[in-house]
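Only one structure is covered here, and it is reproduced in the block below.
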Amino acid sequence: MTTPTAVIVLAAGAGTRMKSSLPKVVHPVMGLSMIGHALRAGAGTDPDHLVAVVRHQRDLVADEILRNNPDVIIADQDDIPGTGRAVQCALDELLRRGHSLKGTILVTYGDVPMLDAATLNDLVASHDERGATVSVLTTIVEDPTGYGRIVRDGASGDVCRIVEQKDATEEERAICEINAGIYAFDGEFLRDALMHVGTNNKQGEVYLTDVLAQAYRADCVTNGVVLDDQWLAQGCNDRVQLAELAAEMNRRICREHMRAGVSIVDPASTWIECDVRIEADTTIHPHTVLRGQTTIASGCEIGPGTTLTNALVGPGCRVPSSWVSDTHLEGDTIVTPFTLIER
């Protein structure tokens with residue numbers, strides 16, 4: 001598998017449905033902001049360059065991006081709307097800095113927190129294997145309302161085009177394969193194609209999907225990669241979806257810890273953020289929250305009703321019904337219930 005020339009993370013969306021003064025992609029999910037999760041996934045492909053495109057509440061978003069990864073290149077989107085325009089601004093920034101666009105360029109989003117590096121690497125591998133000009137992640141859903149539909153060539157199976165809901169015919173709206181919005185492109189083709197993409201659609205936007213249609217018309221390979229796990233490409237537009245994503249992410253985190261030898265008495269009431277580390281043979285009791293860079297050694301009993309934030313807990317500790325923050329508990333410490341311990 002080739003190393004991507006660049007991973008472009010689009011973080012320019014307004015996110016007004018969050019009803020918040022905080023930019024959408026800065027909202028936290030299980031210990032990281034949404035954009036933090038997206039940057040980790042992108043960095044996990046070991047690209048030559050990692051680029052984030054910003055627009056709304058630019059400074060707040062850019063600060064959060066650089067806090068997570070100071071090596072990210074920040075590109076500013078202008079007032080022309082659309083994902084295609086956002087990518088064009090990222091490519092312009094790379095060229096301005098003297099970087100080549102040869103090779104594979106991945107495009108993903110700042111509000112898809114469960115997307116992981118393994119999925120992006122699988123997309124690149126399929127893109128390479130097929131010698132594709134454009135590859136897109138897709139998924140099958142029961143109700144495709146609101147999503148871009150994947151229209152395939154009946155003979156080759158390649159993706160002919162991606163039709164947005166507002167532009168789709170009744171026949172196209174019945175298609176249940178939808179665009180997950182994650183792409184791999186030949187970089188030079190992407191740059192040339194975007195120069196010819198217009199805004200002739202009901203949204204008046206520069207659609208990134210039009211690049212795929214151009215590639216298909218040019219008899220290039222336009223590869224559709226079906227993603228079985230729909231959660232990995234699930235975006236977030238409001239606080240309901242934010243809570244749903246957090247619950248699913250927490251369920252998976254708890255499952256991983258249990259399979260590694262940690263006893264979690266009630267996973268439904270236990271919340272464990274993504275960077276927490278727990279050694280085997282520790283028991284986590286109900287209504288416990290483990291946050292930040294917390295590390296728990298083996299043989300501990302944590303909870304019920306305990307919150308640990310950036311805590312280092314030695315082996316054999318007992319921490320019931322307590323709040324412990326930024327503290328190192330020596331091995332075999334027994335914390336008195338209803339205790340607050342802070343550095």
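Within each chain, counting starts at residue 1; across the structure tokens, chains are named A, B, ... in the order shown, with ligands numbered 1 upward in that order.
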_For A:Cys274: contacts at 12 Å, only C-alpha atoms, fewer than 3 positions along chain excluded, given as a ChimeraX atom specification_ = /A:28-33,36-37,40,113-114,246,249-254,256-257,271,277-278,289-295
Restrict the selected residues to C-alpha atoms and save them as an mmCIF file, in the first residue's frame.
```
data_model
loop_
_atom_site.group_PDB
_atom_site.id
_atom_site.type_symbol
_atom_site.label_atom_id
_atom_site.label_comp_id
_atom_site.auth_asym_id
_atom_site.auth_seq_id
_atom_site.Cartn_x
_atom_site.Cartn_y
_atom_site.Cartn_z
ATOM 1 C CA PRO A 28 -15.800 16.476 22.761
ATOM 2 C CA VAL A 29 -16.598 12.794 22.262
ATOM 3 C CA MET A 30 -15.108 10.322 24.744
ATOM 4 C CA GLY A 31 -12.051 12.348 25.617
ATOM 5 C CA LEU A 32 -11.208 13.987 22.304
ATOM 6 C CA SER A 33 -12.867 16.644 20.214
ATOM 7 C CA GLY A 36 -9.138 15.406 17.333
ATOM 8 C CA HIS A 37 -10.505 11.964 16.437
ATOM 9 C CA ARG A 40 -5.746 10.839 14.679
ATOM 10 C CA PRO A 113 -15.336 10.760 15.120
ATOM 11 C CA MET A 114 -15.532 6.962 14.811
ATOM 12 C CA ALA A 246 -20.572 8.742 22.373
ATOM 13 C CA MET A 249 -17.954 4.565 21.155
ATOM 14 C CA ASN A 250 -18.152 3.913 24.911
ATOM 15 C CA ARG A 251 -19.730 0.503 24.330
ATOM 16 C CA ARG A 252 -16.805 -0.468 22.098
ATOM 17 C CA ILE A 253 -14.198 0.913 24.494
ATOM 18 C CA CYS A 254 -15.702 -1.060 27.386
ATOM 19 C CA GLU A 256 -12.110 -3.869 24.378
ATOM 20 C CA HIS A 257 -11.152 -3.495 28.038
ATOM 21 C CA TRP A 271 -17.928 5.661 30.874
ATOM 22 C CA ARG A 277 -5.411 2.566 30.190
ATOM 23 C CA ILE A 278 -6.466 -0.273 32.528
ATOM 24 C CA VAL A 289 -16.317 7.644 34.877
ATOM 25 C CA LEU A 290 -12.685 7.345 33.765
ATOM 26 C CA ARG A 291 -11.352 10.378 31.936
ATOM 27 C CA GLY A 292 -8.312 11.871 30.259
ATOM 28 C CA GLN A 293 -4.964 10.124 30.628
ATOM 29 C CA THR A 294 -6.034 7.970 33.560
ATOM 30 C CA THR A 295 -3.977 4.800 34.020
#
```
*If we count only C-alpha atoms, what is near A:Gly13 at a cut-off of 8 Å, once residues fewer than 6 positions away on the same chain are taken out, given as a list in words?*
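Everything that qualifies: Lys24, Val54, Arg55 and His56 of chain A.
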*Where in stretch 30-270 of chain A does DSSP assign alpha helix (DSSP H), given as a VMD selection string?*
chain A and resid 34 to 43 58 to 68 83 to 96 117 to 130 170 to 173 187 to 194 209 to 217 239 to 259
_Near-stretch 227-238 of chain A list (6 Å; only C-alpha atoms; drop same-chain fewer than 4 positions) as a PyMOL selection string_ = chain A and resi 17-18+111-112+114-115+138-139+180+242
*Among the residues A:Leu194, A:Leu137, A:Ile178, A:Ile162, the one that comes closest to A:Gly224 [using only C-alpha atoms]*: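 Under the stated criterion, the closest residue is A:Leu137.
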